[in-house]
file run16.txt (compact mmCIF, C-alpha atoms)
# COMPACT_ATOMS: atom_id res chain seq x y z
CA MET A 1 0.00 0.00 0.00
CA ASN A 2 1.49 3.29 -1.09
CA LEU A 3 1.70 6.09 1.45
CA PRO A 4 -0.22 9.20 0.54
CA GLN A 5 2.00 12.25 0.17
CA ASN A 6 -0.63 14.92 0.41
CA ASP A 7 -1.00 16.38 3.94
CA GLN A 8 -4.79 16.23 3.75
CA GLU A 9 -4.72 12.56 2.80
CA LEU A 10 -2.19 11.79 5.52
CA LEU A 11 -4.39 13.48 8.12
CA GLU A 12 -7.47 11.59 6.92
CA SER A 13 -5.58 8.30 7.08
CA PHE A 14 -4.38 9.17 10.59
CA LYS A 15 -7.99 9.43 11.75
CA ASN A 16 -8.66 5.87 10.63
CA PRO A 17 -7.43 3.38 13.31
CA ALA A 18 -6.58 0.85 10.61
CA THR A 19 -4.18 3.22 8.82
CA LYS A 20 -3.16 5.44 11.72
CA GLU A 21 0.38 4.12 12.20
CA GLN A 22 1.02 4.00 8.49
CA ALA A 23 -0.14 7.58 8.06
CA PHE A 24 2.04 8.75 10.91
CA THR A 25 5.04 6.98 9.42
CA GLY A 26 4.29 8.92 6.25
CA ILE A 27 4.22 12.23 8.11
CA ILE A 28 7.54 11.48 9.82
CA LYS A 29 9.22 10.47 6.59
CA LYS A 30 7.90 13.55 4.79
CA TYR A 31 9.09 16.10 7.35
CA GLN A 32 11.85 14.41 9.34
CA GLU A 33 14.83 15.90 7.49
CA LYS A 34 13.58 19.47 7.40
CA LEU A 35 12.66 19.31 11.07
CA TYR A 36 15.86 17.53 12.04
CA TRP A 37 18.08 20.21 10.49
CA HIS A 38 15.98 22.96 11.96
CA ILE A 39 16.41 21.43 15.41
CA ARG A 40 20.03 20.49 14.84
CA ARG A 41 21.01 24.07 13.98
CA MET A 42 19.42 25.17 17.24
CA VAL A 43 20.79 22.52 19.62
CA ILE A 44 23.98 21.71 17.59
CA ASP A 45 24.58 18.20 18.99
CA HIS A 46 23.12 15.25 17.04
CA GLU A 47 22.04 13.28 20.13
CA ASP A 48 20.23 16.30 21.51
CA ALA A 49 18.61 16.93 18.13
CA ASN A 50 17.56 13.28 17.96
CA ASP A 51 15.96 13.46 21.44
CA VAL A 52 14.12 16.67 20.65
CA LEU A 53 12.94 15.35 17.27
CA GLN A 54 11.64 12.06 18.67
CA ASN A 55 9.93 13.78 21.59
CA MET A 56 8.28 16.29 19.32
CA PHE A 57 6.95 13.54 17.05
CA ILE A 58 5.48 11.77 20.09
CA LYS A 59 3.72 15.03 21.02
CA VAL A 60 2.53 15.33 17.45
CA TRP A 61 1.04 11.80 17.67
CA LYS A 62 -0.87 12.79 20.83
CA GLY A 63 -2.00 16.15 19.49
CA LEU A 64 -2.69 15.38 15.86
CA GLU A 65 -6.30 14.31 16.50
CA ASN A 66 -7.00 17.82 17.77
CA PHE A 67 -5.04 19.50 15.01
CA ARG A 68 -7.07 22.28 13.45
CA GLU A 69 -6.85 21.76 9.75
CA ASP A 70 -7.35 25.42 9.03
CA SER A 71 -3.59 25.81 9.57
CA GLN A 72 -0.95 23.99 7.56
CA LEU A 73 0.53 20.79 8.97
CA TYR A 74 3.97 22.00 7.91
CA THR A 75 3.60 25.24 9.90
CA TRP A 76 2.25 23.38 12.92
CA LEU A 77 5.15 20.90 12.90
CA TYR A 78 7.72 23.69 12.66
CA ARG A 79 6.11 25.48 15.60
CA ILE A 80 6.27 22.37 17.75
CA ALA A 81 9.88 21.71 16.71
CA THR A 82 10.82 25.31 17.52
CA ASN A 83 9.11 25.23 20.92
CA GLU A 84 10.66 21.89 21.80
CA SER A 85 14.12 23.17 20.80
CA LEU A 86 13.77 26.33 22.90
CA THR A 87 12.45 24.32 25.86
CA PHE A 88 15.40 21.96 25.56
CA LEU A 89 17.90 24.86 25.50
CA THR A 90 16.24 26.49 28.52
CA GLN A 91 16.43 23.26 30.49
CA GLN A 92 20.03 22.79 29.45
CA LYS A 93 20.94 26.28 30.67
CA LYS A 94 19.30 25.55 34.04
CA ARG A 95 21.22 22.30 34.40
CA SER A 96 24.53 23.93 33.50
CA THR A 97 26.79 24.56 36.48
CA PHE A 98 29.15 26.75 34.50
CA SER A 99 28.95 30.48 34.29
CA LEU A 100 29.32 31.29 30.65
CA SER A 101 29.90 34.66 29.02
CA ASP A 102 27.57 35.76 26.23
CA ASP A 103 30.04 35.03 23.42
CA GLU A 104 31.42 31.87 24.96
CA ASN A 105 28.21 29.94 25.52
CA GLY A 106 27.74 26.19 25.63
CA LEU A 107 26.60 25.98 22.02
CA SER A 108 29.81 27.57 20.79
CA ASN A 109 31.75 25.02 22.80
CA LYS A 110 29.72 22.23 21.24
CA LEU A 111 30.55 23.57 17.78
CA LYS A 112 34.22 23.67 18.63
CA SER A 113 34.12 20.13 19.92
CA ASP A 114 32.82 18.85 16.57
CA THR A 115 35.33 16.55 14.89
CA HIS A 116 35.09 18.56 11.68
CA PHE A 117 35.49 21.94 13.31
CA ASP A 118 38.02 24.22 11.64
CA ALA A 119 38.28 27.73 13.06
CA ASN A 120 39.92 28.99 9.85
CA LYS A 121 37.08 27.98 7.59
CA LEU A 122 34.45 30.63 6.86
CA GLU A 123 31.49 28.22 7.19
CA TRP A 124 32.53 27.44 10.78
CA LYS A 125 33.03 31.10 11.56
CA LEU A 126 29.53 31.68 10.23
CA GLN A 127 28.22 29.03 12.60
CA LEU A 128 30.02 30.59 15.54
CA GLY A 129 28.57 33.96 14.54
CA ILE A 130 25.05 32.46 14.43
CA GLN A 131 25.51 30.92 17.89
CA SER A 132 26.50 34.32 19.25
CA LEU A 133 23.00 35.66 18.45
CA PRO A 134 20.09 35.84 20.88
CA GLU A 135 17.78 32.84 20.47
CA LYS A 136 14.99 34.64 18.61
CA GLN A 137 17.39 36.22 16.09
CA ARG A 138 19.13 32.89 15.67
CA LEU A 139 15.81 31.21 14.88
CA VAL A 140 14.86 33.89 12.37
CA PHE A 141 18.24 33.79 10.68
CA ASN A 142 18.25 29.98 10.38
CA LEU A 143 14.69 29.82 9.03
CA ARG A 144 15.37 32.51 6.46
CA TYR A 145 18.96 31.72 5.48
CA TYR A 146 18.91 27.90 5.52
CA ASP A 147 15.23 26.98 5.17
CA GLU A 148 14.52 29.97 2.92
CA MET A 149 11.19 30.32 4.56
CA PRO A 150 8.88 33.15 3.47
CA TYR A 151 8.25 35.75 6.19
CA GLY A 152 4.53 34.97 6.01
CA GLU A 153 5.14 31.35 7.05
CA MET A 154 7.69 32.38 9.63
CA SER A 155 5.18 34.81 11.09
CA LYS A 156 2.75 31.94 11.73
CA ILE A 157 5.39 29.76 13.35
CA LEU A 158 6.96 32.40 15.59
CA GLU A 159 3.73 34.39 16.05
CA THR A 160 5.57 37.61 15.20
CA SER A 161 4.73 40.24 12.59
CA GLU A 162 6.52 40.07 9.25
CA GLY A 163 7.96 43.54 9.80
CA ALA A 164 9.49 42.53 13.10
CA LEU A 165 10.88 39.37 11.51
CA LYS A 166 12.50 41.34 8.68
CA ALA A 167 14.06 43.71 11.20
CA SER A 168 15.24 40.78 13.26
CA TYR A 169 16.82 39.11 10.22
CA HIS A 170 18.54 42.39 9.30
CA HIS A 171 20.03 42.77 12.81
CA ALA A 172 21.09 39.13 12.86
CA ALA A 173 22.91 39.36 9.50
CA LYS A 174 24.71 42.53 10.59
CA LYS A 175 25.86 40.96 13.86
CA ILE A 176 27.14 37.84 12.09
CA GLU A 177 29.03 39.96 9.57
CA GLU A 178 30.61 41.85 12.43
CA PHE A 179 31.45 38.59 14.23
CA ILE A 180 33.16 37.14 11.11
CA LEU A 181 35.12 40.33 10.55
CA ASN A 182 36.32 40.38 14.15
CA HIS A 183 37.27 36.68 14.43
CA MET B 1 23.27 23.91 -1.00
CA ASN B 2 21.71 26.24 -3.50
CA GLN B 3 20.43 29.60 -2.50
CA SER B 4 17.38 31.16 -4.05
CA ASN B 5 17.75 34.50 -5.72
CA GLU B 6 15.33 36.14 -3.38
CA ILE B 7 17.39 35.19 -0.32
CA ILE B 8 20.70 36.18 -1.98
CA LYS B 9 19.37 39.55 -3.07
CA GLU B 10 17.97 40.27 0.36
CA LEU B 11 21.25 39.31 2.03
CA GLN B 12 23.28 41.36 -0.44
CA GLY B 13 21.21 44.35 0.59
CA ILE B 14 22.04 43.77 4.24
CA SER B 15 25.58 42.36 4.12
CA PRO B 16 27.37 41.86 0.76
CA MET B 17 30.14 40.02 2.54
CA LEU B 18 27.78 37.49 4.09
CA ALA B 19 25.99 36.98 0.78
CA GLN B 20 29.25 35.78 -0.72
CA VAL B 21 29.74 33.06 1.91
CA GLN B 22 28.95 29.69 0.41
CA LYS B 23 26.07 28.06 2.18
CA VAL B 24 27.46 24.83 3.56
CA ASN B 25 25.91 22.42 6.02
CA VAL B 26 28.67 21.87 8.53
CA PHE B 27 26.64 19.31 10.44
CA GLU B 28 26.30 15.65 9.66
CA ALA B 29 23.69 13.11 10.62
CA PRO B 30 24.73 9.47 11.16
CA ASP B 31 24.45 7.21 8.13
CA GLY B 32 20.99 5.71 7.74
CA TYR B 33 19.60 7.88 10.52
CA PHE B 34 16.56 9.01 8.54
CA ASN B 35 15.84 5.49 7.31
CA THR B 36 15.09 4.19 10.81
CA LEU B 37 13.77 7.32 12.56
CA ALA B 38 10.07 6.74 11.81
CA GLU B 39 10.27 3.15 13.04
CA LYS B 40 11.99 4.23 16.26
CA VAL B 41 9.40 6.93 16.94
CA ILE B 42 6.46 4.58 16.29
CA THR B 43 8.04 1.93 18.57
CA ARG B 44 8.43 4.48 21.37
CA ILE B 45 4.83 5.63 20.95
CA LEU B 46 3.50 2.07 21.11
CA LEU B 47 5.63 1.27 24.17
CA GLU B 48 4.42 4.40 25.95
CA GLU B 49 0.82 3.55 25.14
CA LYS B 50 1.34 0.00 26.43
CA ASP B 51 2.82 1.34 29.68
CA SER B 52 -0.08 3.74 29.96
CA PHE B 53 -2.53 0.87 29.40
CA ASN B 54 -0.83 -1.26 32.07
CA PHE B 55 -0.89 1.66 34.48
CA ASN B 56 -4.60 2.10 33.92
CA LYS B 57 -5.09 -1.64 34.45
CA LYS B 58 -3.34 -1.42 37.83
CA GLU B 59 -5.59 1.48 38.79
CA ILE B 60 -8.66 -0.59 37.94
CA GLN B 61 -7.37 -3.55 39.96
CA GLN B 62 -7.05 -1.40 43.08
CA VAL B 63 -10.64 -0.61 43.91
CA PRO B 64 -11.46 1.36 47.07
CA GLU B 65 -12.08 -0.60 50.27
CA GLY B 66 -15.68 -1.81 50.53
CA TYR B 67 -16.38 -0.86 46.92
CA PHE B 68 -18.12 -4.10 46.04
CA ASP B 69 -20.10 -4.13 49.30
CA SER B 70 -21.86 -0.94 48.37
CA LEU B 71 -21.89 -1.52 44.61
CA SER B 72 -25.33 -3.15 44.46
CA ASP B 73 -26.85 -0.36 46.58
CA ALA B 74 -25.23 2.24 44.39
CA ILE B 75 -26.58 0.59 41.24
CA LEU B 76 -30.10 0.24 42.68
CA SER B 77 -30.01 3.84 43.80
CA LYS B 78 -29.01 4.90 40.32
CA ILE B 79 -31.76 2.80 38.77
CA LYS B 80 -34.36 4.32 41.10
CA LYS B 81 -33.09 7.77 40.30
CA GLU B 82 -33.33 7.06 36.58
CA GLU B 83 -36.83 5.65 37.01
CA ALA B 84 -37.88 8.76 38.87
CA GLU B 85 -36.40 10.89 36.13
CA ASN B 86 -38.24 8.81 33.51
CA LYS B 87 -41.52 9.30 35.36
CA GLU B 88 -40.86 13.00 35.42
CA GLU B 89 -40.11 12.88 31.72
CA ASP B 90 -43.30 10.91 30.99
CA PHE B 91 -45.29 13.41 32.99
CA GLN B 92 -43.72 16.21 31.05
CA LYS B 93 -44.55 14.53 27.73
CA SER B 94 -48.13 13.68 28.70
CA PHE B 95 -49.01 16.93 30.45
CA PRO B 96 -46.65 19.61 29.20
CA VAL B 97 -48.78 22.48 30.49
CA LEU B 98 -49.16 21.01 33.95
CA HIS B 99 -45.46 20.23 34.06
CA SER B 100 -44.52 23.74 33.10
CA LEU B 101 -46.76 25.09 35.86
CA LYS B 102 -45.57 22.62 38.48
CA ASP B 103 -42.88 24.78 39.96
CA LYS B 104 -44.68 28.07 39.54
CA ASN B 105 -45.87 29.33 42.91
CA VAL B 106 -48.82 31.65 42.59
CA PHE B 107 -48.91 32.38 46.31
CA THR B 108 -46.94 35.07 47.98
CA VAL B 109 -46.00 35.60 51.60
CA PRO B 110 -45.38 38.91 53.38
CA GLU B 111 -41.89 40.23 53.10
CA ASN B 112 -39.47 38.68 55.63
CA TYR B 113 -42.24 36.36 56.79
CA PHE B 114 -40.03 33.30 57.12
CA GLU B 115 -37.34 35.21 59.03
CA GLY B 116 -39.88 35.98 61.79
CA VAL B 117 -41.79 32.70 61.93
CA SER B 118 -39.62 30.97 64.50
CA HIS B 119 -39.64 34.05 66.74
CA GLN B 120 -43.43 34.32 66.55
CA VAL B 121 -43.93 30.65 67.37
CA ILE B 122 -41.62 30.81 70.40
CA ASN B 123 -43.42 33.91 71.69
CA LYS B 124 -46.78 32.25 71.22
CA ILE B 125 -45.65 29.18 73.11
CA LYS B 126 -44.28 31.28 75.97
CA SER B 127 -47.44 33.37 76.29
CA HIS B 128 -49.88 30.48 75.97
CA GLN B 129 -52.35 30.15 78.90
CA PRO B 130 -51.87 26.98 80.95
CA ALA B 131 -54.42 24.22 80.36
CA LYS B 132 -56.89 22.79 82.83
CA VAL B 133 -56.67 19.31 84.26
CA ILE B 134 -57.99 17.37 87.21
CA LEU B 135 -55.37 16.83 89.85
CA MET B 136 -55.43 13.56 91.74
CA ASN B 137 -53.65 14.73 94.88
CA THR B 138 -55.18 18.18 95.39
CA LYS B 139 -57.17 19.17 98.43
CA TRP B 140 -60.26 19.35 96.20
CA TRP B 141 -59.81 15.71 95.40
CA LYS B 142 -59.28 14.96 99.02
CA TYR B 143 -62.53 16.73 99.89
CA ALA B 144 -64.44 14.83 97.26
CA ALA B 145 -62.98 11.52 98.38
CA ALA B 146 -63.53 12.40 102.04
CA ALA B 147 -67.15 13.33 101.38
CA ILE B 148 -67.71 9.92 99.87
CA ILE B 149 -65.93 8.19 102.74
CA ILE B 150 -67.99 10.10 105.27
CA GLY B 151 -71.15 9.34 103.34
CA VAL B 152 -70.33 5.67 103.28
CA ILE B 153 -69.44 5.69 106.96
CA ALA B 154 -72.63 7.58 107.82
CA ILE B 155 -74.80 5.17 105.88
CA GLY B 156 -73.00 2.27 107.49
CA SER B 157 -73.49 3.84 110.94
CA LEU B 158 -77.19 4.39 110.42
CA GLN B 159 -77.58 0.79 109.40
CA LEU B 160 -75.68 -0.26 112.45
CA PHE B 161 -77.73 1.96 114.78
CA ASN B 162 -80.95 0.69 113.30
CA ASN B 163 -79.83 -2.83 113.99
CA SER B 164 -79.92 -3.01 117.78
CA ARG B 165 -78.57 -6.52 117.73
CA ASP B 166 -75.31 -5.32 116.28
CA ARG B 167 -75.04 -2.18 118.37
CA ASP B 168 -72.57 -3.82 120.70
CA GLN B 169 -70.49 -4.87 117.69
CA ILE B 170 -69.75 -1.39 116.23
CA PRO B 171 -66.35 -1.47 114.46
CA SER B 172 -63.65 0.76 115.86
CA TYR B 173 -63.33 2.89 112.67
CA VAL B 174 -67.05 3.71 112.91
CA GLU B 175 -66.68 4.67 116.52
CA SER B 176 -63.75 6.89 115.60
CA SER B 177 -65.93 8.71 113.06
CA PHE B 178 -68.24 9.89 115.80
CA GLN B 179 -65.65 12.39 116.97
CA TYR B 180 -66.08 14.43 113.72
CA LYS B 181 -69.06 16.54 114.66
CA THR B 182 -68.27 19.94 113.17
CA PRO B 183 -66.89 20.78 109.66
CA GLU B 184 -63.63 21.90 111.27
CA GLN B 185 -63.29 18.53 112.96
CA VAL B 186 -64.03 16.79 109.65
CA ASP B 187 -61.35 18.91 108.00
CA GLU B 188 -58.83 17.98 110.64
CA GLY B 189 -59.76 14.33 110.40
CA ILE B 190 -59.46 14.27 106.61
CA ALA B 191 -56.17 16.11 106.78
CA SER B 192 -54.86 13.40 109.02
CA LEU B 193 -55.62 10.74 106.34
CA SER B 194 -52.69 9.67 104.23
CA ASP B 195 -52.89 9.49 100.45
CA ASP B 196 -52.29 5.79 100.75
CA GLU B 197 -55.34 5.31 102.95
CA ILE B 198 -57.54 7.26 100.55
CA ILE B 199 -56.27 5.36 97.48
CA LYS B 200 -56.83 2.01 99.18
CA TYR B 201 -60.34 3.02 100.04
CA LEU B 202 -61.12 4.21 96.54
CA GLU B 203 -59.78 1.02 95.06
CA LYS B 204 -62.15 -0.92 97.25
CA TYR B 205 -65.22 1.31 96.83
CA GLY B 206 -64.41 2.97 93.55
CA SER B 207 -67.70 1.94 91.97
CA ILE B 208 -69.44 4.32 94.26
CA MET B 209 -67.64 7.21 92.64
CA ASP B 210 -69.80 9.13 90.30
CA ASN B 211 -68.03 10.85 87.46
CA ASP B 212 -70.63 13.55 87.43
CA LEU B 213 -69.83 14.21 91.04
CA LEU B 214 -66.15 14.59 90.22
CA ILE B 215 -66.56 16.99 87.36
CA LYS B 216 -69.61 18.96 88.37
CA ASP B 217 -67.52 21.63 90.01
CA VAL B 218 -64.96 21.74 87.23
CA ASP B 219 -65.30 24.56 84.76
CA VAL B 220 -64.72 22.76 81.47
CA LYS B 221 -64.10 26.03 79.67
CA GLU B 222 -61.00 26.52 81.74
CA LEU B 223 -59.55 23.12 80.95
CA PRO B 224 -56.43 23.19 78.76
CA ALA B 225 -56.95 22.23 75.14
CA THR B 226 -55.56 18.91 73.94
CA GLU B 227 -52.86 20.59 71.86
CA ASP B 228 -51.66 22.54 74.91
CA TYR B 229 -50.31 19.30 76.34
CA LEU B 230 -48.35 18.76 73.14
CA ILE B 231 -46.86 22.24 73.07
CA ASP B 232 -45.88 22.57 76.73
CA GLU B 233 -45.02 19.62 78.91
CA ASN B 234 -45.63 21.79 81.99
CA THR B 235 -49.27 22.40 81.08
CA LEU B 236 -50.54 19.82 83.54
CA ASN B 237 -48.42 21.05 86.42
CA ASN B 238 -49.26 24.68 85.70
CA TYR B 239 -52.97 23.96 85.79
CA LEU B 240 -52.76 21.90 88.97
CA GLU B 241 -50.85 24.67 90.68
CA LYS B 242 -53.44 27.18 89.55
CA ILE B 243 -56.42 25.26 90.91
CA ASP B 244 -54.41 24.43 94.02
CA ASN B 245 -53.88 28.13 94.63
CA GLN B 246 -57.54 28.86 93.98
CA SER B 247 -58.60 26.22 96.48
CA ASN B 248 -56.27 27.70 99.11
CA LYS B 249 -57.88 31.12 98.78
call {"tool": "encode", "arguments": {"input": "run16.txt", "output": "structure tokens"}}
result
Amino acid sequence: MNLPQNDQELLESFKNPATKEQAFTGIIKKYQEKLYWHIRRMVIDHEDANDVLQNMFIKVWKGLENFREDSQLYTWLYRIATNESLTFLTQQKKRSTFSLSDDENGLSNKLKSDTHFDANKLEWKLQLGIQSLPEKQRLVFNLRYYDEMPYGEMSKILETSEGALKASYHHAAKKIEEFILNH
Amino acid sequence: MNQSNEIIKELQGISPMLAQVQKVNVFEAPDGYFNTLAEKVITRILLEEKDSFNFNKKEIQQVPEGYFDSLSDAILSKIKKEEAENKEEDFQKSFPVLHSLKDKNVFTVPENYFEGVSHQVINKIKSHQPAKVILMNTKWWKYAAAAIIIGVIAIGSLQLFNNSRDRDQIPSYVESSFQYKTPEQVDEGIASLSDDEIIKYLEKYGSIMDNDLLIKDVDVKELPATEDYLIDENTLNNYLEKIDNQSNK
């Protein structure tokens, strides 16, 4: 039996007990990579990203029956992934016993501990610059720069006006540029 | 990683230097990670649901103490309640107008009536006149009983006097009655009688007692009403004291 690819069909199949698991497998397979990279760029470490991703899919399973179909499944999944990532980072900060300066936070350390990390390469400097941003600006920059998400979609996920998102993206890009130039 | 023109143009407007940086994904996911992710998530969900099911099963197994003892009563009570509700529903269906009027009270009471009811009742009870009753151990009763005793003794004496053969065999109690010649002496003699002596006599010669004789001097209008005895337990005593006082005047 072929899995439906259309969100509407997947949601209909999910409502049927006989095809529920199959439909959910289809939803995971359709969105897992996009969501994984979105989470991974926020939490940096693969194991953390894997935990957050699995936990968010379990919440999706529990909440999908009440999902209001007047919003897009894609937007709803991104919102859950974003919230779960921010919750994870908040909990991690609370657990941390180290006092970290703003530009030397735990995420930067995680980047530096990556086996492929090379401080001389521009792509790694870019990553360090992104990690130096406040969380909201980091989210906006990642969604726009990597996911190339339209501001209209982003506005629904982050519940922020498009104007504010554009301003946030502008500030984020400027800060990263400054970071790269200074490091 | 390709970059759409829209994103590049926007970034060039903000930071030309940043727009020239090649977009590279520096992160890596383990090989085959995405091939098994869905299966892992589904397995976790099913395990969690199984645990949740087992937890609920344990909860069901631990019923409150005495639950089954009262279960049948609880069920019967529920059935009765439902039956009553059904009757109400039937009534409503059969007589909709009557049902709609059932709870409508057309009567009114004065304002604050119910707040003052208890106070009014207590006051009424307190001010209620004591009832009338016949007292068994009053002086009046003693006089009535004594009059009968004297009458009996007198009749007995006359019979004895008329029978000359028995004159020498006059009983001592008859002889003792001869000393009561004036009302004062009778009073003193009666006063000396104990209640026990009077009761014993009445038990023996009770048939002589005439109810009309007992109640002829009693003003029935002054007797307490039947409900007075229910309202005030002291009604009887109050009345006896009253007539006792009146007889002493």
call {"tool": "closest_residue", "arguments": {"input": "run16.txt", "among": "A:Leu11, A:Val43, A:Leu165, A:Val140", "to": "Thr90 (chain A)", "atoms": "only C-alpha atoms"}}
result
A:Val43
call {"tool": "atom_distance", "arguments": {"input": "run16.txt", "atom1": "CA of Phe57 (chain A)", "atom2": "CA of Asp147 (chain A)"}}
result
19.8 Å
call {"tool": "closest_atom_pairs", "arguments": {"input": "run16.txt", "of": "chain B", "to": "chain A", "cutoff": "12 Å", "atoms": "only C-alpha atoms", "output": "JSON lines"}}
result
{"residue": "B:Met1", "atom": "CA", "partner": "A:Tyr146", "partner_atom": "CA", "distance": 8.8}
{"residue": "B:Asn2", "atom": "CA", "partner": "A:Tyr146", "partner_atom": "CA", "distance": 9.6}
{"residue": "B:Gln3", "atom": "CA", "partner": "A:Glu148", "partner_atom": "CA", "distance": 8.0}
{"residue": "B:Ser4", "atom": "CA", "partner": "A:Glu148", "partner_atom": "CA", "distance": 7.6}
{"residue": "B:Asn5", "atom": "CA", "partner": "A:Glu148", "partner_atom": "CA", "distance": 10.3}
{"residue": "B:Glu6", "atom": "CA", "partner": "A:Glu148", "partner_atom": "CA", "distance": 8.9}
{"residue": "B:Ile7", "atom": "CA", "partner": "A:Glu148", "partner_atom": "CA", "distance": 6.8}
{"residue": "B:Ile8", "atom": "CA", "partner": "A:Tyr145", "partner_atom": "CA", "distance": 8.9}
{"residue": "B:Lys9", "atom": "CA", "partner": "A:Tyr145", "partner_atom": "CA", "distance": 11.6}
{"residue": "B:Glu10", "atom": "CA", "partner": "A:His170", "partner_atom": "CA", "distance": 9.2}
{"residue": "B:Leu11", "atom": "CA", "partner": "A:Ala173", "partner_atom": "CA", "distance": 7.7}
{"residue": "B:Gln12", "atom": "CA", "partner": "A:Ala173", "partner_atom": "CA", "distance": 10.1}
{"residue": "B:Gly13", "atom": "CA", "partner": "A:His170", "partner_atom": "CA", "distance": 9.3}
{"residue": "B:Ile14", "atom": "CA", "partner": "A:His170", "partner_atom": "CA", "distance": 6.3}
{"residue": "B:Ser15", "atom": "CA", "partner": "A:Lys174", "partner_atom": "CA", "distance": 6.5}
{"residue": "B:Pro16", "atom": "CA", "partner": "A:Glu177", "partner_atom": "CA", "distance": 9.2}
{"residue": "B:Met17", "atom": "CA", "partner": "A:Glu177", "partner_atom": "CA", "distance": 7.1}
{"residue": "B:Leu18", "atom": "CA", "partner": "A:Glu177", "partner_atom": "CA", "distance": 6.1}
{"residue": "B:Ala19", "atom": "CA", "partner": "A:Ala173", "partner_atom": "CA", "distance": 9.5}
{"residue": "B:Gln20", "atom": "CA", "partner": "A:Leu122", "partner_atom": "CA", "distance": 10.5}
{"residue": "B:Val21", "atom": "CA", "partner": "A:Leu122", "partner_atom": "CA", "distance": 7.3}
{"residue": "B:Gln22", "atom": "CA", "partner": "A:Glu123", "partner_atom": "CA", "distance": 7.4}
{"residue": "B:Lys23", "atom": "CA", "partner": "A:Glu123", "partner_atom": "CA", "distance": 7.4}
{"residue": "B:Val24", "atom": "CA", "partner": "A:Glu123", "partner_atom": "CA", "distance": 6.4}
{"residue": "B:Asn25", "atom": "CA", "partner": "A:Glu123", "partner_atom": "CA", "distance": 8.1}
{"residue": "B:Val26", "atom": "CA", "partner": "A:Glu123", "partner_atom": "CA", "distance": 7.1}
{"residue": "B:Phe27", "atom": "CA", "partner": "A:Ile44", "partner_atom": "CA", "distance": 8.0}
{"residue": "B:Glu28", "atom": "CA", "partner": "A:His46", "partner_atom": "CA", "distance": 8.0}
{"residue": "B:Ala29", "atom": "CA", "partner": "A:His46", "partner_atom": "CA", "distance": 6.8}
{"residue": "B:Pro30", "atom": "CA", "partner": "A:His46", "partner_atom": "CA", "distance": 8.4}
{"residue": "B:Gly32", "atom": "CA", "partner": "A:Glu33", "partner_atom": "CA", "distance": 11.9}
{"residue": "B:Tyr33", "atom": "CA", "partner": "A:Asn50", "partner_atom": "CA", "distance": 9.4}
{"residue": "B:Phe34", "atom": "CA", "partner": "A:Glu33", "partner_atom": "CA", "distance": 7.2}
{"residue": "B:Asn35", "atom": "CA", "partner": "A:Lys29", "partner_atom": "CA", "distance": 8.3}
{"residue": "B:Thr36", "atom": "CA", "partner": "A:Lys29", "partner_atom": "CA", "distance": 9.6}
{"residue": "B:Leu37", "atom": "CA", "partner": "A:Ile28", "partner_atom": "CA", "distance": 8.0}
{"residue": "B:Ala38", "atom": "CA", "partner": "A:Thr25", "partner_atom": "CA", "distance": 5.6}
{"residue": "B:Glu39", "atom": "CA", "partner": "A:Thr25", "partner_atom": "CA", "distance": 7.4}
{"residue": "B:Lys40", "atom": "CA", "partner": "A:Gln54", "partner_atom": "CA", "distance": 8.2}
{"residue": "B:Val41", "atom": "CA", "partner": "A:Gln54", "partner_atom": "CA", "distance": 5.9}
{"residue": "B:Ile42", "atom": "CA", "partner": "A:Glu21", "partner_atom": "CA", "distance": 7.3}
{"residue": "B:Thr43", "atom": "CA", "partner": "A:Glu21", "partner_atom": "CA", "distance": 10.2}
{"residue": "B:Arg44", "atom": "CA", "partner": "A:Ile58", "partner_atom": "CA", "distance": 8.0}
{"residue": "B:Ile45", "atom": "CA", "partner": "A:Ile58", "partner_atom": "CA", "distance": 6.2}
{"residue": "B:Leu46", "atom": "CA", "partner": "A:Glu21", "partner_atom": "CA", "distance": 9.7}
{"residue": "B:Leu47", "atom": "CA", "partner": "A:Ile58", "partner_atom": "CA", "distance": 11.3}
{"residue": "B:Glu48", "atom": "CA", "partner": "A:Ile58", "partner_atom": "CA", "distance": 9.5}
{"residue": "B:Glu49", "atom": "CA", "partner": "A:Lys62", "partner_atom": "CA", "distance": 10.3}
call {"tool": "closest_residue", "arguments": {"input": "run16.txt", "among": "A:Ala23, A:Gln8, A:Asp51, A:Ile39", "to": "Arg68 (chain A)", "atoms": "only C-alpha atoms"}}
result
A:Gln8
call {"tool": "closest_residue", "arguments": {"input": "run16.txt", "among": "A:Asp70, A:Leu10, A:Ser132, A:Phe88", "to": "Asn109 (chain A)", "atoms": "only C-alpha atoms"}}
result
A:Ser132
call {"tool": "residues_near_point", "arguments": {"input": "run16.txt", "point": "(3.7, 18.3, 6.9)", "cutoff": "7 Å", "atoms": "all atoms listed in the file", "output": "list in words"}}
result
Asp7, Ile27, Lys30, Tyr31, Leu73, Tyr74 and Leu77 of chain A
call {"tool": "write_last_selection", "arguments": {"input": "run16.txt", "atoms": "C-alpha atoms", "output": "CSV table (one decimal), keeping the file's coordinate frame"}}
result
chain,number,residue,atom,x,y,z
A,7,ASP,CA,-1.0,16.4,3.9
A,27,ILE,CA,4.2,12.2,8.1
A,30,LYS,CA,7.9,13.6,4.8
A,31,TYR,CA,9.1,16.1,7.4
A,73,LEU,CA,0.5,20.8,9.0
A,74,TYR,CA,4.0,22.0,7.9
A,77,LEU,CA,5.2,20.9,12.9
call {"tool": "atom_distance", "arguments": {"input": "run16.txt", "atom1": "CA of Lys125 (chain A)", "atom2": "CA of Ala167 (chain A)"}}
result
22.8 Å
call {"tool": "atom_distance", "arguments": {"input": "run16.txt", "atom1": "CA of Leu128 (chain A)", "atom2": "CA of Met154 (chain A)"}}
result
23.2 Å
